[in-house]
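Visitor: Have a look at this one before I ask anything.
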Amino acid sequence: MNTAALREAAPGRDDGYLFSRGQAWFAFAMTIGLMMVDYIDRQVIVSLFPYLKAEWNLSDKQLGGLVSAVSVTVALGAIPVALLADRGSRVRSVVVMALVWSLASISCMFSRGYGQLLAARSLVGLGEAGYGSVGAALIASHFPARLRGALLAGFFASASVGSVLGVLLGGVIAARFGWQAAFGIVGVPGLVLALLYLKVRDYPTVKLTPRLDRATRSTRSAAGAIVQALIRTRTLLWLCIAGAAQLVVVSAIWSWLPSFLNRVHGVVPEKAAMSAALVVFCGALGSVVWGAVADRAGLRRPRARLYVVALLCVASMLVLMLGFGGARLGLAIDAQAQFALLAAGGFLMTCTVGPLPAAVIDVVHPGIRATGASVISLFQNLFGLAAGPLVAGFLSDAWTLEFALTAVPAFSLLAAGALLVAARTYEADLQRACQAAQATELPAEAPMPAAVQPARKAMA
């Protein structure tokens, strides 16, 4: 389909929208809705830890494994799913994913032992594999480039909102109906939204160069292409490291905060879940705020967005370490002041959620946006979201949960360092992506990233 035909079929294209404002915002709302359900189903289990520990006598490593299992299978399945979505139908891929993870979440309520629950949780992750990258690609293609960073921040912030609801609903439902019922109740909305998602309009598949076509024919060839891309596009490699390191902190705190409040401060599980949900909600707000701040910082000089995020990572580390370990250092911090510090740390620690996926999409070929986004998704899930709960669980079993949550924020320092290295090559890779799109005569339904123009001016 040529450019003229695309414009005729999509009346909203003059203002940068793929089809129309209404279609774009409907796709955005549906994609965000499923992202929330995705993370409700992921995070509902963390408020059930006290019940599972008491009923099945589980160690903290085993409890952490129930969270990490989802992230591991998400990481392993992300690339194959993204490959299929990039070359086939994004909308149908999303529908199938949502049906699988929702049914798997419901099946958790029938588990009669740790092994069965671990297997069911792994299937939840398999269904969710690739959703973040495919959803991000859909949003990026429906909207004009000038809105992309903020909208992607909002999309990934909905994961935080879903996490809030998952923690909150898990505690409330378990207190009234038992922990098994929590899995069944939260699984139903995904089934409904999956069917409604069939109304979302898909974007046209972008024609690839022969090299990219060969690279995306199979998972094996894609894996080889990804290794080459990480070597060739140094920005991508360091952004992946930074995103994973910061998410070690986020996932550990989100997973273990209800148990921390229950064990250290004696808060009953239901109220601990509510308090932890407030901290997670602060993270949801922070991801939107810091996404907008990073976009604004990069208007004149694109690399400045990475500098800002690196500074925020360091700030989150300092605040969280003070919040969890200040009392042990002899500081006069009462329970109320401690919770305020944890809320402030929660607000800061999600600073990478929006800017990093947006930066990755900026530096990859537009024809493989979903696959490119799946690369950072793989790093974030396998080395970030999966590692955080397990690392904290090991440290908790070896020492105490309080020590574990004081030590884990040190990973933010690694994230900040990786961002500073990525900033060195970010603008050059932006220009290279722009030139690649022009060389393949990219149609207007896939507008170039807003940051490319400032980068090209800086390089001129």
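As shown in the structure tokens, the chain order sets the letters A, B, ...; within each chain, residues go from 1, and ligands are also counted from 1 in the order they appear.
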Determine which residues of region 10-251 of chain A DSSP labels as alpha helix (DSSP H) from the backbone of this structure, then write them out as a PyMOL selection string.
Guide: chain A and resi 21-43+49-56+60-87+90-107+114-128+131-142+148-177+179-196+210-215+219-232+234-251
Visitor: Quote the spacing between CA of Ala75 (chain A) and CA of Ile376 (chain A) in Å to one decimal place.
Guide: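 Going from CA of Ala75 (chain A) over to CA of Ile376 (chain A) covers 9.6 Å.
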Visitor: Do a neighbour search on region 299-310 of chain A at 10 Å with only C-alpha atoms, toss out local chain neighbours closer than 6 positions, and write the hits as a PyMOL selection string.
Guide: chain A and resi 239+242+290-293+348-353+355-356+359+412-427+430+450-455+457-458
Visitor: Residues at most 9 Å from Phe26 (chain A), counting only C-alpha atoms, excluding those fewer than 5 positions away in the same chain, as a PDB file with N, CA and C atoms, in the first residue's frame?
Guide:
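Result written to around.pdb:
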```pdb
ATOM      1  N   ARG A  21      -8.077  10.099  15.711  1.00  0.00           N
ATOM      2  CA  ARG A  21      -7.893  10.288  17.150  1.00  0.00           C
ATOM      3  C   ARG A  21      -8.708   9.262  17.941  1.00  0.00           C
ATOM      4  N   THR A  31      -5.396  -1.187  25.386  1.00  0.00           N
ATOM      5  CA  THR A  31      -4.057  -1.724  25.642  1.00  0.00           C
ATOM      6  C   THR A  31      -3.649  -1.474  27.087  1.00  0.00           C
ATOM      7  N   LYS A 199     -11.821  -5.349  18.617  1.00  0.00           N
ATOM      8  CA  LYS A 199     -12.293  -4.114  17.982  1.00  0.00           C
ATOM      9  C   LYS A 199     -11.163  -3.123  17.689  1.00  0.00           C
ATOM     10  N   VAL A 200      -9.963  -3.371  18.230  1.00  0.00           N
ATOM     11  CA  VAL A 200      -8.825  -2.481  17.993  1.00  0.00           C
ATOM     12  C   VAL A 200      -8.311  -2.682  16.568  1.00  0.00           C
TER      13      VAL A 200
END
```
Visitor: With only C-alpha atoms as the counted atoms, please give the residues lying no more than 10 Å from Phe403 (chain A), apart from itself and same-chain residues fewer than 6 positions off, as a tab-separated table (two decimals) with N, CA, C and O atoms, in the first residue's frame.
Guide:
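As a result, around.tsv now contains:
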```
chain	number	residue	atom	x	y	z
A	321	MET	N	17.37	3.18	50.87
A	321	MET	CA	18.30	2.66	51.88
A	321	MET	C	18.07	3.34	53.23
A	321	MET	O	18.12	2.70	54.28
A	324	PHE	N	14.63	1.87	54.69
A	324	PHE	CA	14.66	0.52	55.25
A	324	PHE	C	15.71	0.35	56.34
A	324	PHE	O	15.52	-0.43	57.28
A	325	GLY	N	16.84	1.06	56.22
A	325	GLY	CA	17.94	0.81	57.14
A	325	GLY	C	18.30	1.96	58.06
A	325	GLY	O	19.26	1.84	58.84
A	328	ARG	N	18.45	1.16	61.85
A	328	ARG	CA	19.60	0.34	62.23
A	328	ARG	C	20.88	1.17	62.32
A	328	ARG	O	21.83	0.79	63.00
A	392	ALA	N	16.18	-10.91	46.96
A	392	ALA	CA	15.69	-10.51	48.28
A	392	ALA	C	15.34	-11.72	49.14
A	392	ALA	O	15.60	-11.73	50.35
A	395	LEU	N	18.63	-13.30	50.44
A	395	LEU	CA	19.20	-12.46	51.49
A	395	LEU	C	18.37	-12.53	52.78
A	395	LEU	O	18.91	-12.51	53.89
A	396	SER	N	17.05	-12.62	52.60
A	396	SER	CA	16.16	-12.70	53.76
A	396	SER	C	16.36	-14.00	54.53
A	396	SER	O	16.43	-14.02	55.76
```
Visitor: Have a look at CA of Gly354 (chain A) and CA of Gly154 (chain A) and let me know their distance in Å, one decimal.
Guide: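 These two atoms are separated by 7.4 Å.
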Visitor: Between A:Tyr17, A:Phe28, A:Phe379, A:Phe49, which is the closest to Leu152 (chain A) once you count only C-alpha atoms?
Guide: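 The shortest atom-to-atom distance to Leu152 (chain A) comes from A:Phe28.
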Visitor: At a cut-off of 8 Å, can you tabulate as CSV every residue of region 4-70 of chain A near region 178-193 of chain A together with its closest atom pair and the distance in Å to one decimal, using only C-alpha atoms and ordering rows by chain then number?
Guide:
```
residue,atom,partner,partner_atom,distance
A:Met30,CA,A:Leu193,CA,7.4
A:Gly33,CA,A:Leu193,CA,7.5
A:Leu34,CA,A:Leu193,CA,6.7
A:Val37,CA,A:Gly190,CA,6.0
A:Asp38,CA,A:Gly190,CA,7.7
A:Ile40,CA,A:Val186,CA,7.0
A:Asp41,CA,A:Val186,CA,6.4
A:Val44,CA,A:Phe183,CA,7.4
A:Leu48,CA,A:Trp179,CA,6.3
A:Tyr51,CA,A:Trp179,CA,7.1
```
Visitor: Need the shell around Leu76 (chain A): protein/DNA/RNA residues with any atom at most 9 Å away, counting only C-alpha atoms. Skip same-chain ones fewer than 6 positions apart. Format as a list in words?
Guide: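 Surrounding residues, per the criterion: Leu126, Ala129, Leu378, Asn381 and Leu382 of chain A.
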Visitor: Between A:Leu320, A:Ala404, A:Val250, A:Leu331, which has the minimum distance to Ser163 (chain A) (counting only C-alpha atoms)?
Guide: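 Once distances to Ser163 (chain A) are computed over only C-alpha atoms, the minimum belongs to A:Val250.
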Visitor: As a ChimeraX atom specification, please: the residues near Gly132 (chain A) (cut-off 12 Å, only C-alpha atoms, same-chain neighbours under 5 positions excluded).
Guide: /A:31-32,34-36,38-39,74-75,77-79,81-82,85,90,93-94,97-98,125,127,137-139,152-153,155-159,353-354,357,369-378,380-381
Visitor: One decimal, in Å: what's the spacing between CA of Asp60 (chain A) and CA of Gly393 (chain A)?
Guide: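 Distance between the two atoms: 4.8 Å.
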